[in-house]
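Text of work35.cif (mmCIF, C-alpha atoms) as supplied:
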```
data_entry
#
loop_
_atom_site.label_atom_id
_atom_site.label_comp_id
_atom_site.auth_asym_id
_atom_site.auth_seq_id
_atom_site.Cartn_x
_atom_site.Cartn_y
_atom_site.Cartn_z
CA MET A 261 102.72 -142.99 -102.89
CA LYS A 262 106.04 -144.24 -101.52
CA ILE A 263 108.31 -141.55 -100.05
CA VAL A 264 112.09 -141.98 -100.03
CA LEU A 265 114.34 -139.53 -98.19
CA ASP A 266 117.90 -140.05 -99.39
CA ASN A 267 120.69 -138.59 -97.24
CA LEU A 268 118.51 -135.60 -96.44
CA THR A 269 120.38 -132.78 -94.69
CA LYS A 270 119.36 -129.24 -93.78
CA ARG A 271 121.63 -126.57 -92.37
CA PHE A 272 120.62 -123.05 -91.34
CA PRO A 273 122.83 -120.03 -90.66
CA ASN A 274 123.58 -119.66 -86.97
CA ARG A 275 121.46 -116.85 -85.50
CA ASN A 276 124.25 -116.12 -83.04
CA ARG A 277 126.49 -113.93 -85.17
CA LYS A 278 129.29 -114.08 -82.63
CA ILE A 279 129.58 -117.83 -83.11
CA GLY A 280 128.76 -117.79 -86.84
CA GLY A 281 128.77 -120.88 -89.03
CA GLU A 282 125.77 -123.12 -89.54
CA VAL A 283 123.35 -125.16 -87.43
CA THR A 284 122.46 -128.64 -88.66
CA ALA A 285 118.74 -129.22 -88.18
CA VAL A 286 118.57 -132.54 -90.08
CA ASP A 287 121.68 -134.68 -90.54
CA HIS A 288 121.97 -137.28 -93.33
CA PHE A 289 118.44 -138.57 -92.80
CA ASN A 290 117.61 -141.78 -94.67
CA VAL A 291 114.21 -143.42 -94.57
CA GLU A 292 111.65 -145.10 -96.84
CA ILE A 293 107.95 -144.58 -96.08
CA PRO A 294 105.84 -147.31 -97.72
CA ASP A 295 102.88 -146.50 -99.94
CA GLY A 296 99.57 -146.21 -98.11
CA GLU A 297 100.94 -146.18 -94.56
CA LEU A 298 100.48 -143.75 -91.69
CA VAL A 299 103.93 -143.08 -90.29
CA GLY A 300 104.60 -141.17 -87.07
CA LEU A 301 107.66 -138.90 -87.12
CA LEU A 302 108.48 -138.70 -83.44
CA GLY A 303 110.98 -136.98 -81.22
CA PRO A 304 111.52 -134.23 -78.65
CA SER A 305 110.85 -130.59 -79.48
CA GLY A 306 113.57 -129.10 -81.68
CA CYS A 307 114.80 -132.44 -83.05
CA GLY A 308 114.11 -131.56 -86.70
CA LYS A 309 110.73 -133.23 -87.27
CA SER A 310 109.00 -130.21 -88.81
CA THR A 311 112.07 -129.45 -90.93
CA VAL A 312 111.87 -132.96 -92.41
CA LEU A 313 108.17 -132.40 -93.12
CA ASN A 314 108.87 -129.02 -94.75
CA MET A 315 111.46 -130.62 -97.03
CA ILE A 316 108.99 -133.33 -98.03
CA CYS A 317 106.38 -130.76 -99.02
CA GLY A 318 108.87 -128.34 -100.60
CA LEU A 319 108.67 -125.44 -98.16
CA GLU A 320 112.36 -126.00 -97.37
CA LYS A 321 115.05 -126.98 -99.87
CA PRO A 322 117.57 -129.58 -98.63
CA THR A 323 121.19 -128.53 -98.20
CA GLU A 324 122.08 -132.06 -99.29
CA GLY A 325 120.15 -135.16 -100.31
CA ARG A 326 117.07 -135.90 -102.40
CA VAL A 327 113.34 -136.44 -101.92
CA PHE A 328 111.56 -139.06 -104.04
CA PHE A 329 107.83 -139.70 -104.46
CA GLY A 330 107.71 -143.18 -105.88
CA GLU A 331 110.47 -143.20 -108.51
CA GLU A 332 110.18 -139.45 -109.21
CA ASP A 333 112.76 -137.05 -107.82
CA VAL A 334 110.70 -134.11 -106.52
CA THR A 335 113.52 -132.28 -104.72
CA ASP A 336 113.43 -129.33 -107.11
CA LEU A 337 109.65 -129.21 -107.61
CA SER A 338 107.68 -126.37 -106.03
CA PRO A 339 105.18 -127.29 -103.28
CA GLU A 340 102.13 -126.77 -105.53
CA ASN A 341 103.50 -129.29 -108.04
CA ARG A 342 104.18 -132.11 -105.57
CA GLY A 343 100.60 -133.29 -105.00
CA VAL A 344 100.91 -132.85 -101.24
CA GLY A 345 98.27 -131.94 -98.68
CA MET A 346 99.57 -130.12 -95.59
CA VAL A 347 97.86 -129.60 -92.23
CA PHE A 348 99.61 -127.12 -89.96
CA GLN A 349 99.68 -126.97 -86.17
CA SER A 350 97.80 -123.64 -86.22
CA TYR A 351 95.20 -124.95 -88.75
CA ALA A 352 95.83 -121.76 -90.86
CA LEU A 353 92.14 -121.29 -91.75
CA TYR A 354 90.96 -118.05 -93.33
CA PRO A 355 88.83 -116.39 -90.62
CA HIS A 356 86.66 -114.41 -93.06
CA MET A 357 85.72 -117.52 -95.07
CA THR A 358 83.09 -120.14 -94.32
CA VAL A 359 83.93 -123.82 -93.98
CA ARG A 360 82.84 -124.34 -97.59
CA GLU A 361 85.04 -121.52 -98.83
CA ASN A 362 88.05 -122.67 -96.81
CA ILE A 363 87.83 -126.20 -98.19
CA ARG A 364 87.21 -124.97 -101.74
CA PHE A 365 90.11 -122.50 -101.78
CA PRO A 366 92.83 -124.93 -103.07
CA LEU A 367 90.57 -125.89 -106.00
CA GLU A 368 90.02 -122.29 -107.06
CA ASN A 369 93.71 -121.89 -107.84
CA ARG A 370 93.74 -124.57 -110.51
CA LYS A 371 94.44 -123.44 -114.03
CA GLY A 372 94.31 -124.77 -117.58
CA LYS A 373 93.26 -128.39 -118.00
CA ASP A 374 93.05 -128.82 -114.20
CA ARG A 375 90.50 -126.03 -113.81
CA LEU A 376 87.16 -127.21 -112.38
CA SER A 377 83.63 -125.98 -112.85
CA LYS A 378 81.66 -124.68 -109.84
CA GLU A 379 79.63 -127.87 -109.80
CA GLU A 380 82.75 -130.06 -109.81
CA MET A 381 84.30 -128.02 -107.01
CA GLU A 382 81.15 -128.26 -104.91
CA GLU A 383 81.06 -132.03 -105.39
CA LYS A 384 84.67 -132.41 -104.24
CA VAL A 385 84.15 -130.03 -101.31
CA MET A 386 81.15 -131.99 -100.04
CA GLU A 387 82.98 -135.28 -100.49
CA ALA A 388 85.88 -134.05 -98.34
CA ALA A 389 83.54 -132.54 -95.75
CA LYS A 390 81.57 -135.78 -95.39
CA LEU A 391 84.79 -137.75 -95.00
CA VAL A 392 85.73 -135.70 -91.91
CA GLN A 393 82.09 -135.44 -90.77
CA ILE A 394 81.62 -131.65 -90.94
CA ASP A 395 79.12 -131.52 -93.83
CA GLN A 396 76.52 -129.98 -91.43
CA LEU A 397 78.79 -127.00 -90.69
CA MET A 398 79.46 -125.70 -94.19
CA ASP A 399 78.22 -122.14 -93.62
CA ARG A 400 79.99 -121.52 -90.33
CA LYS A 401 83.15 -119.48 -89.98
CA PRO A 402 86.19 -120.67 -87.96
CA ALA A 403 85.39 -118.44 -84.97
CA GLU A 404 82.03 -120.22 -84.61
CA MET A 405 83.63 -123.67 -84.33
CA SER A 406 85.46 -125.70 -81.69
CA GLY A 407 89.14 -126.54 -82.00
CA GLY A 408 88.35 -130.09 -83.06
CA GLN A 409 85.97 -128.88 -85.78
CA GLN A 410 88.56 -126.41 -87.06
CA GLN A 411 91.07 -129.23 -87.23
CA ARG A 412 88.67 -131.24 -89.38
CA VAL A 413 88.24 -128.30 -91.73
CA ALA A 414 92.01 -128.09 -92.12
CA ILE A 415 92.19 -131.82 -92.90
CA ALA A 416 89.32 -131.55 -95.40
CA ARG A 417 91.07 -128.66 -97.14
CA ALA A 418 94.21 -130.78 -97.46
CA LEU A 419 92.26 -133.79 -98.75
CA VAL A 420 90.09 -131.96 -101.28
CA LYS A 421 92.98 -131.91 -103.76
CA ARG A 422 93.18 -135.71 -103.50
CA PRO A 423 96.90 -135.55 -102.70
CA GLY A 424 99.27 -138.47 -103.06
CA VAL A 425 100.84 -137.53 -99.71
CA LEU A 426 99.25 -136.05 -96.57
CA LEU A 427 101.49 -134.26 -94.06
CA LEU A 428 100.30 -133.42 -90.53
CA ASP A 429 102.49 -131.12 -88.42
CA GLU A 430 101.62 -131.43 -84.70
CA PRO A 431 97.91 -131.40 -85.64
CA LEU A 432 96.55 -132.12 -82.16
CA SER A 433 98.73 -129.94 -79.94
CA ASN A 434 96.09 -127.19 -79.58
CA LEU A 435 93.33 -129.56 -78.39
CA ASP A 436 92.44 -130.65 -74.87
CA ALA A 437 93.25 -134.19 -73.75
CA ARG A 438 89.85 -135.79 -74.49
CA LEU A 439 89.53 -134.09 -77.87
CA ARG A 440 93.08 -135.15 -78.79
CA LEU A 441 92.09 -138.77 -78.21
CA ALA A 442 88.95 -138.51 -80.36
CA THR A 443 90.68 -136.58 -83.15
CA ARG A 444 93.64 -138.93 -83.45
CA GLU A 445 91.19 -141.80 -83.88
CA GLU A 446 89.50 -139.78 -86.63
CA ILE A 447 92.84 -139.22 -88.37
CA ARG A 448 93.45 -142.97 -88.33
CA ARG A 449 89.97 -143.61 -89.75
CA ILE A 450 90.38 -141.02 -92.51
CA GLN A 451 93.80 -142.35 -93.48
CA THR A 452 92.50 -145.92 -93.58
CA GLU A 453 89.52 -144.96 -95.75
CA THR A 454 91.57 -142.88 -98.21
CA GLY A 455 94.73 -145.00 -98.30
CA ILE A 456 96.83 -141.83 -98.63
CA THR A 457 100.44 -142.09 -97.50
CA THR A 458 100.48 -139.94 -94.36
CA VAL A 459 103.31 -138.53 -92.25
CA PHE A 460 102.19 -137.46 -88.77
CA VAL A 461 104.63 -135.26 -86.82
CA THR A 462 104.33 -135.22 -83.02
CA HIS A 463 106.43 -135.08 -79.86
CA ASP A 464 103.74 -137.12 -78.04
CA GLN A 465 104.84 -140.76 -78.08
CA GLU A 466 101.40 -142.03 -77.03
CA GLU A 467 99.81 -140.35 -80.06
CA ALA A 468 102.38 -141.78 -82.45
CA MET A 469 102.25 -145.30 -81.05
CA SER A 470 98.46 -145.47 -80.97
CA ILE A 471 97.71 -144.72 -84.63
CA SER A 472 100.92 -145.27 -86.65
CA ASP A 473 101.79 -148.25 -88.81
CA HIS A 474 105.46 -147.40 -88.25
CA ILE A 475 107.26 -144.77 -86.21
CA ILE A 476 110.48 -142.93 -86.99
CA LEU A 477 112.23 -141.77 -83.85
CA MET A 478 114.72 -138.94 -84.17
CA LYS A 479 116.88 -136.76 -81.95
CA GLU A 480 119.00 -133.71 -82.85
CA GLY A 481 118.34 -134.21 -86.55
CA VAL A 482 119.46 -137.85 -86.58
CA ARG A 483 117.30 -140.92 -87.15
CA HIS A 484 117.66 -143.33 -84.23
CA GLN A 485 115.17 -146.12 -84.94
CA VAL A 486 112.41 -147.05 -87.37
CA GLY A 487 109.87 -149.82 -86.84
CA LYS A 488 106.41 -150.85 -85.78
CA PRO A 489 105.48 -149.05 -82.54
CA GLN A 490 105.36 -152.15 -80.35
CA ASP A 491 108.59 -153.54 -81.84
CA VAL A 492 110.45 -150.29 -81.08
CA TYR A 493 109.05 -150.26 -77.54
CA ASP A 494 110.04 -153.89 -76.91
CA ASP A 495 113.40 -153.68 -78.67
CA PRO A 496 114.97 -150.19 -78.30
CA VAL A 497 118.40 -149.75 -79.89
CA ASN A 498 119.68 -147.31 -77.28
CA LEU A 499 118.86 -145.58 -74.01
CA PHE A 500 117.31 -142.52 -75.70
CA VAL A 501 114.73 -144.64 -77.52
CA ALA A 502 113.96 -146.65 -74.38
CA GLN A 503 113.43 -143.50 -72.31
CA PHE A 504 111.35 -141.69 -74.91
CA LEU A 505 108.76 -144.43 -75.37
CA GLY A 506 106.45 -145.56 -72.62
CA THR A 507 104.14 -144.12 -69.95
CA PRO A 508 105.19 -144.26 -67.16
CA ALA A 509 108.74 -143.91 -68.47
CA ILE A 510 111.30 -146.67 -68.15
CA ASN A 511 113.16 -146.71 -64.81
CA VAL A 512 116.91 -146.24 -65.26
CA PHE A 513 119.49 -147.38 -62.67
CA GLN A 514 123.25 -147.51 -62.50
CA GLY A 515 124.33 -151.13 -62.48
CA GLU A 516 127.20 -153.50 -63.02
CA VAL A 517 127.60 -156.84 -64.77
CA LYS A 518 129.96 -159.34 -63.15
CA ASN A 519 130.31 -162.94 -64.35
CA GLU A 520 127.04 -162.70 -66.32
CA GLU A 521 125.15 -161.51 -63.24
CA LEU A 522 123.52 -158.09 -62.95
CA PHE A 523 123.95 -156.03 -59.79
CA ILE A 524 122.04 -152.88 -58.86
CA GLY A 525 123.78 -151.53 -55.80
CA LYS A 526 124.59 -154.57 -53.65
CA ASP A 527 121.63 -156.59 -54.92
CA ARG A 528 122.23 -159.37 -57.41
CA VAL A 529 119.00 -158.96 -59.37
CA LEU A 530 119.19 -160.99 -62.58
CA ASP A 531 121.21 -163.49 -64.60
CA VAL A 532 122.35 -161.88 -67.87
CA PRO A 533 123.98 -164.67 -69.92
CA GLY A 534 126.17 -163.34 -72.70
CA ALA A 535 126.61 -159.83 -71.24
CA GLY A 536 130.23 -158.76 -70.68
CA ASP A 537 131.54 -157.40 -67.41
CA GLY A 538 131.36 -153.65 -66.85
CA ASP A 539 129.28 -150.68 -65.79
CA VAL A 540 125.84 -150.42 -67.38
CA PHE A 541 122.63 -148.47 -67.29
CA VAL A 542 119.75 -150.75 -66.36
CA GLY A 543 116.36 -149.89 -67.82
CA ILE A 544 113.38 -151.55 -66.12
CA ARG A 545 109.99 -151.04 -67.72
CA PRO A 546 107.18 -150.26 -65.22
CA GLU A 547 105.67 -153.65 -66.09
CA GLY A 548 109.10 -155.36 -66.04
CA ALA A 549 109.07 -156.41 -62.37
CA ALA A 550 106.74 -158.55 -60.28
CA LEU A 551 106.06 -158.00 -56.57
CA GLN A 552 107.44 -160.95 -54.62
CA ALA A 553 108.14 -161.14 -50.88
CA ASP A 554 111.52 -162.84 -51.32
CA GLY A 555 112.46 -161.08 -54.57
CA PRO A 556 116.11 -160.06 -55.05
CA PHE A 557 115.44 -156.38 -55.84
CA ALA A 558 114.50 -154.17 -52.87
CA LEU A 559 113.15 -150.59 -52.93
CA LYS A 560 112.10 -148.03 -50.32
CA LEU A 561 108.39 -147.20 -50.61
CA ASP A 562 107.32 -143.60 -51.09
CA HIS A 563 103.62 -144.10 -51.81
CA VAL A 564 101.14 -146.11 -53.87
CA GLU A 565 98.99 -144.77 -56.71
CA VAL A 566 95.76 -146.71 -57.36
CA LEU A 567 94.57 -146.48 -60.97
CA GLY A 568 91.69 -148.94 -61.00
CA ARG A 569 92.93 -152.03 -62.80
CA ASP A 570 96.58 -151.31 -61.97
CA THR A 571 98.51 -149.95 -59.01
CA ILE A 572 101.77 -148.03 -59.31
CA VAL A 573 104.36 -148.52 -56.61
CA VAL A 574 106.29 -145.25 -56.29
CA ALA A 575 109.60 -145.81 -54.54
CA SER A 576 113.27 -144.85 -54.34
CA HIS A 577 116.66 -146.53 -54.71
CA PRO A 578 120.20 -145.11 -54.28
CA SER A 579 121.18 -146.21 -57.80
CA PHE A 580 118.14 -144.73 -59.52
CA GLN A 581 118.80 -142.04 -62.16
CA GLY A 582 115.85 -139.76 -61.45
CA GLU A 583 113.32 -138.81 -58.78
CA ASN A 584 111.00 -141.81 -58.29
CA VAL A 585 110.93 -145.42 -59.38
CA ARG A 586 107.53 -146.41 -60.80
CA LEU A 587 106.56 -150.07 -61.10
CA ILE A 588 103.14 -151.38 -62.06
CA ILE A 589 101.51 -154.23 -60.13
CA PRO A 590 97.98 -155.70 -60.27
CA SER A 591 95.62 -153.79 -57.96
CA GLU A 592 94.74 -156.93 -56.03
CA GLN A 593 98.36 -156.97 -54.77
CA ARG A 594 98.39 -153.46 -53.34
CA GLU A 595 97.74 -154.72 -49.80
CA GLU A 596 100.97 -156.75 -50.07
CA VAL A 597 103.15 -153.66 -50.59
CA SER A 598 105.43 -153.13 -47.57
CA ASP A 599 107.69 -150.22 -46.65
CA THR A 600 110.52 -152.05 -48.43
CA PRO A 601 108.81 -153.87 -51.30
CA ARG A 602 110.81 -156.55 -53.09
CA PHE A 603 110.56 -157.51 -56.75
CA VAL A 604 111.70 -160.18 -59.15
CA LEU A 605 112.73 -158.83 -62.56
CA LYS A 606 111.41 -160.10 -65.91
CA PRO A 607 114.16 -160.41 -68.55
CA ARG A 608 111.88 -159.12 -71.35
CA GLY A 609 111.24 -155.94 -69.38
CA VAL A 610 114.86 -155.27 -68.41
CA HIS A 611 117.25 -153.65 -70.89
CA LEU A 612 120.98 -153.06 -70.46
CA PHE A 613 122.84 -150.15 -72.02
CA ASP A 614 126.55 -149.45 -72.28
CA ALA A 615 127.45 -146.82 -69.64
CA LYS A 616 129.55 -144.84 -72.15
CA THR A 617 127.85 -145.19 -75.55
CA GLN A 618 124.31 -145.81 -74.18
CA GLU A 619 123.86 -148.43 -76.92
CA ARG A 620 121.81 -151.52 -76.10
CA ILE A 621 123.56 -154.61 -74.70
CA ARG A 622 121.71 -157.81 -75.57
CA TYR A 623 121.77 -160.84 -73.34
CA GLY A 624 120.11 -164.24 -73.03
CA LYS A 625 117.21 -165.59 -75.09
CA GLY A 626 114.56 -163.45 -73.37
CA ASN A 627 116.18 -160.12 -74.23
CA ARG A 628 117.20 -160.51 -77.84
#
```

Kindly present the structure from the file in structure tokens form.
Amino acid sequence: MKIVLDNLTKRFPNRNRKIGGEVTAVDHFNVEIPDGELVGLLGPSGCGKSTVLNMICGLEKPTEGRVFFGEEDVTDLSPENRGVGMVFQSYALYPHMTVRENIRFPLENRKGKDRLSKEEMEEKVMEAAKLVQIDQLMDRKPAEMSGGQQQRVAIARALVKRPGVLLLDEPLSNLDARLRLATREEIRRIQTETGITTVFVTHDQEEAMSISDHIILMKEGVRHQVGKPQDVYDDPVNLFVAQFLGTPAINVFQGEVKNEELFIGKDRVLDVPGAGDGDVFVGIRPEGAALQADGPFALKLDHVEVLGRDTIVVASHPSFQGENVRLIIPSEQREEVSDTPRFVLKPRGVHLFDAKTQERIRYGKGNR
């Protein structure tokens, strides 16, 4: 099921009565989600992700704009008539019901020609339970299960209706780190097996990038960039996108372009053909610099973090916009790191941004 969000806007009354007026949670949001894809809706807390999800499923009515499933305008349809499965952050399981009863509950509300016999309901319940691999836990209650198992019950309950759209609102935020990793892989497997169009809301960029076909990155209710995860990482449209994606985060410096040459402080660090003169923010990915004894870019070493295959050089620089510069080098080079390590910059890992607008400045063949 293709999802089209056309000029979607949501405003809420301002809770501060002294100020009054309205607060815009989602602002003229336009996006098309292809049929059968898993799309990550990504952004910082409070950016409007869950509000977008609630408008897709019908829990919130847009102030402006329309929601389409395929060619059908569903904006005015109630949630139960949209064919949507929803998984909430809190799982929202009924504590007095068993796994079987929780999964079966959406089927018991069907009426008329959609009403199912007990045998048909049991068949669908077991099918959903096997898909998420909890068919051995059918008689347990939520309190007798781990967080990961409860999450699977919530997914099975959403899938048992065979929805055209599956919506997941921060589904992994209550799990520990190792369980988050395993569960997100399960979500990818389930989505691949079912082929259901899925929207996955998270503020964790690693989660979104690891399992999504495409990501939609938003901030303060506005869509900033849509694309395949690696494409967005390699080709950010602005400084916000560049800073949000990547672990460790991109290193941002104050810099200046003069005569198509990039300066950070007094160091001339890179040729930037095609870039106009002026002040810029320089974003250097952790993997965007190579340790080299006579490199043009010098730092002051703080310490070295050894992570097995890689080593992170943690250092400082007067022009750095933050606490510590972090650059990744191969572990076999860690003995070469001096108190003032020098680096040569890789054009593909260095992005320039306008100092005022923070929009991306493209330069040369290697950074287009």

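A distance cut-off of 12 Å around (96.7, -157.2, -54.6), counting all atoms listed in the file, selects these protein and nucleic acid residues: Ala550, Leu551, Gln552, Val564, Val566, Gly568, Arg569, Asp570, Thr571, Ile572, Val573, Ile588, Ile589, Pro590, Ser591, Glu592, Gln593, Arg594, Glu595, Glu596, Val597 and Ser598 of chain A.
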
Sorted by chain and rising residue number, list the residues of region 566-615 of chain A at most 10 Å from region 541-548 of chain A (counting all atoms listed in the file), each with its closest atom pair and distance in Å to one decimal, as JSON lines.
```
{"residue": "A:Ile572", "atom": "CA", "partner": "A:Pro546", "partner_atom": "CA", "distance": 8.3}
{"residue": "A:Val573", "atom": "CA", "partner": "A:Pro546", "partner_atom": "CA", "distance": 9.2}
{"residue": "A:Ser579", "atom": "CA", "partner": "A:Val542", "partner_atom": "CA", "distance": 9.8}
{"residue": "A:Phe580", "atom": "CA", "partner": "A:Val542", "partner_atom": "CA", "distance": 9.3}
{"residue": "A:Gln581", "atom": "CA", "partner": "A:Phe541", "partner_atom": "CA", "distance": 9.1}
{"residue": "A:Val585", "atom": "CA", "partner": "A:Pro546", "partner_atom": "CA", "distance": 8.5}
{"residue": "A:Arg586", "atom": "CA", "partner": "A:Pro546", "partner_atom": "CA", "distance": 5.9}
{"residue": "A:Leu587", "atom": "CA", "partner": "A:Pro546", "partner_atom": "CA", "distance": 4.2}
{"residue": "A:Ile588", "atom": "CA", "partner": "A:Pro546", "partner_atom": "CA", "distance": 5.2}
{"residue": "A:Ile589", "atom": "CA", "partner": "A:Glu547", "partner_atom": "CA", "distance": 7.3}
{"residue": "A:Pro590", "atom": "CA", "partner": "A:Glu547", "partner_atom": "CA", "distance": 9.9}
{"residue": "A:Phe603", "atom": "CA", "partner": "A:Gly548", "partner_atom": "CA", "distance": 9.6}
{"residue": "A:Val604", "atom": "CA", "partner": "A:Gly548", "partner_atom": "CA", "distance": 8.8}
{"residue": "A:Leu605", "atom": "CA", "partner": "A:Gly548", "partner_atom": "CA", "distance": 6.1}
{"residue": "A:Lys606", "atom": "CA", "partner": "A:Gly548", "partner_atom": "CA", "distance": 5.3}
{"residue": "A:Pro607", "atom": "CA", "partner": "A:Gly548", "partner_atom": "CA", "distance": 7.6}
{"residue": "A:Arg608", "atom": "CA", "partner": "A:Gly548", "partner_atom": "CA", "distance": 7.1}
{"residue": "A:Gly609", "atom": "CA", "partner": "A:Gly548", "partner_atom": "CA", "distance": 4.0}
{"residue": "A:Val610", "atom": "CA", "partner": "A:Ile544", "partner_atom": "CA", "distance": 4.6}
{"residue": "A:His611", "atom": "CA", "partner": "A:Gly543", "partner_atom": "CA", "distance": 4.9}
{"residue": "A:Leu612", "atom": "CA", "partner": "A:Val542", "partner_atom": "CA", "distance": 4.9}
{"residue": "A:Phe613", "atom": "CA", "partner": "A:Phe541", "partner_atom": "CA", "distance": 5.0}
{"residue": "A:Asp614", "atom": "CA", "partner": "A:Phe541", "partner_atom": "CA", "distance": 6.4}
{"residue": "A:Ala615", "atom": "CA", "partner": "A:Phe541", "partner_atom": "CA", "distance": 5.6}
```

(message) Evaluate the PyMOL selection byres ((chain A and resi 562) around 10) against this structure - the residues, as a count of residues only, please.
(response) 13

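Excluding Met469 (chain A) itself and same-chain residues fewer than 5 positions from it, the residues having an atom within 10 Å of it are Val299, Gly300, Leu302, Asp464, His474, Ile475, Lys488, Pro489, Gln490, Val492, Tyr493, Leu505 and Gly506 of chain A, counting all atoms listed in the file.
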
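Among A:Ala418, A:Ala553, A:Ile316, A:Val327, the residue with the shortest atom-to-atom distance to Phe348 (chain A), counting all atoms listed in the file, is A:Ala418.
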
Size and centre in Å, one decimal, axis-aligned box, all listed region 452-471 of chain A atoms plus 3 Å per side, as lines of an AutoDock Vina configuration file:
```
center_x = 98.0
center_y = -140.5
center_z = -87.8
size_x = 22.9
size_y = 16.8
size_z = 27.6
```

Shell of 10 Å around Asp395 (chain A), only C-alpha atoms, local chain residues under 3 positions omitted, as a short mmCIF file (atom, residue, chain, number, x, y, z; two decimals) with C-alpha atoms, in the coordinates of the input:
```cif
data_model
loop_
_atom_site.label_atom_id
_atom_site.label_comp_id
_atom_site.auth_asym_id
_atom_site.auth_seq_id
_atom_site.Cartn_x
_atom_site.Cartn_y
_atom_site.Cartn_z
CA VAL A 359 83.93 -123.82 -93.98
CA ARG A 360 82.84 -124.34 -97.59
CA VAL A 385 84.15 -130.03 -101.31
CA MET A 386 81.15 -131.99 -100.04
CA GLU A 387 82.98 -135.28 -100.49
CA ALA A 388 85.88 -134.05 -98.34
CA ALA A 389 83.54 -132.54 -95.75
CA LYS A 390 81.57 -135.78 -95.39
CA LEU A 391 84.79 -137.75 -95.00
CA VAL A 392 85.73 -135.70 -91.91
CA MET A 398 79.46 -125.70 -94.19
CA ASP A 399 78.22 -122.14 -93.62
CA VAL A 413 88.24 -128.30 -91.73
#
```

* To do: Carefully work through the PyMOL selection byres ((chain A and resi 337) around 12) for this structure and note down the residues it includes, as an MDAnalysis selection string.
  => chainID A and resid 315:322 326:329 332:336 338:344

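CA of Asp374 (chain A) to CA of Val420 (chain A) spans 13.6 Å [interatomic distance, one decimal].
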
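Here the question is which of A:Ile476, A:Leu376, A:Met346, A:Leu419 gets nearest to Ile363 (chain A) using all atoms listed in the file, and that residue is A:Leu419.
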
Exercise for the section: Translate the PyMOL selection byres ((chain A and resi 402) around 8), as applied to the file shown, into an explicit residue set as JSON, numbers by chain. Expected result: {"A": [353, 354, 355, 357, 358, 359, 400, 401, 403, 404, 405, 410]}

Among A:Arg620, A:Arg417, A:Arg528, A:Arg483, Val286 (chain A) is approached most closely, using only C-alpha atoms, by A:Arg483

Here's a test: counting only C-alpha atoms, identify every protein, DNA and RNA residue with an atom at most 8 Å from (100.7, -136.7, -91.8) in the file's coordinate frame, and state them as an mmCIF file with C-alpha atoms, in the coordinates of the input.
```cif
data_model
loop_
_atom_site.group_PDB
_atom_site.id
_atom_site.type_symbol
_atom_site.label_atom_id
_atom_site.label_comp_id
_atom_site.auth_asym_id
_atom_site.auth_seq_id
_atom_site.Cartn_x
_atom_site.Cartn_y
_atom_site.Cartn_z
ATOM 1 C CA LEU A 298 100.480 -143.750 -91.690
ATOM 2 C CA VAL A 299 103.930 -143.080 -90.290
ATOM 3 C CA GLY A 300 104.600 -141.170 -87.070
ATOM 4 C CA MET A 346 99.570 -130.120 -95.590
ATOM 5 C CA VAL A 347 97.860 -129.600 -92.230
ATOM 6 C CA VAL A 425 100.840 -137.530 -99.710
ATOM 7 C CA LEU A 426 99.250 -136.050 -96.570
ATOM 8 C CA LEU A 427 101.490 -134.260 -94.060
ATOM 9 C CA LEU A 428 100.300 -133.420 -90.530
ATOM 10 C CA ASP A 429 102.490 -131.120 -88.420
ATOM 11 C CA THR A 457 100.440 -142.090 -97.500
ATOM 12 C CA THR A 458 100.480 -139.940 -94.360
ATOM 13 C CA VAL A 459 103.310 -138.530 -92.250
ATOM 14 C CA PHE A 460 102.190 -137.460 -88.770
ATOM 15 C CA VAL A 461 104.630 -135.260 -86.820
#
```

Residues within 6 Å of Leu268 (chain A), please, as a PDB file with C-alpha atoms, in the coordinates of the input. Count only C-alpha atoms; anything in the same chain fewer than 5 positions from it doesn't count.
```pdb
ATOM      1  CA  HIS A 288     121.970-137.280 -93.330  1.00  0.00           C
ATOM      2  CA  PHE A 289     118.440-138.570 -92.800  1.00  0.00           C
ATOM      3  CA  GLU A 324     122.080-132.060 -99.290  1.00  0.00           C
ATOM      4  CA  GLY A 325     120.150-135.160-100.310  1.00  0.00           C
TER       5      GLY A 325
END
```

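Between CA of Gly424 (chain A) and CA of His356 (chain A) the separation is 28.9 Å.
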
re CA of Lys616 (chain A) and CA of Gln465 (chain A): distance 25.7 Å

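Considering the residues A:Pro533, A:Gly515, A:Gly555, A:Gly538 and counting all atoms listed in the file, Pro578 (chain A) has its shortest atom-to-atom contact with A:Gly515.
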
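Across A:Met478, A:Leu499, A:Val291, A:Leu439, the tightest approach to Lys309 (chain A) is made by A:Met478 when counting only C-alpha atoms.
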
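Taking all atoms listed in the file into account, Ala468 (chain A) lies nearest to A:Leu301 out of the set A:Val540, A:Val264, A:Leu301, A:Val497.
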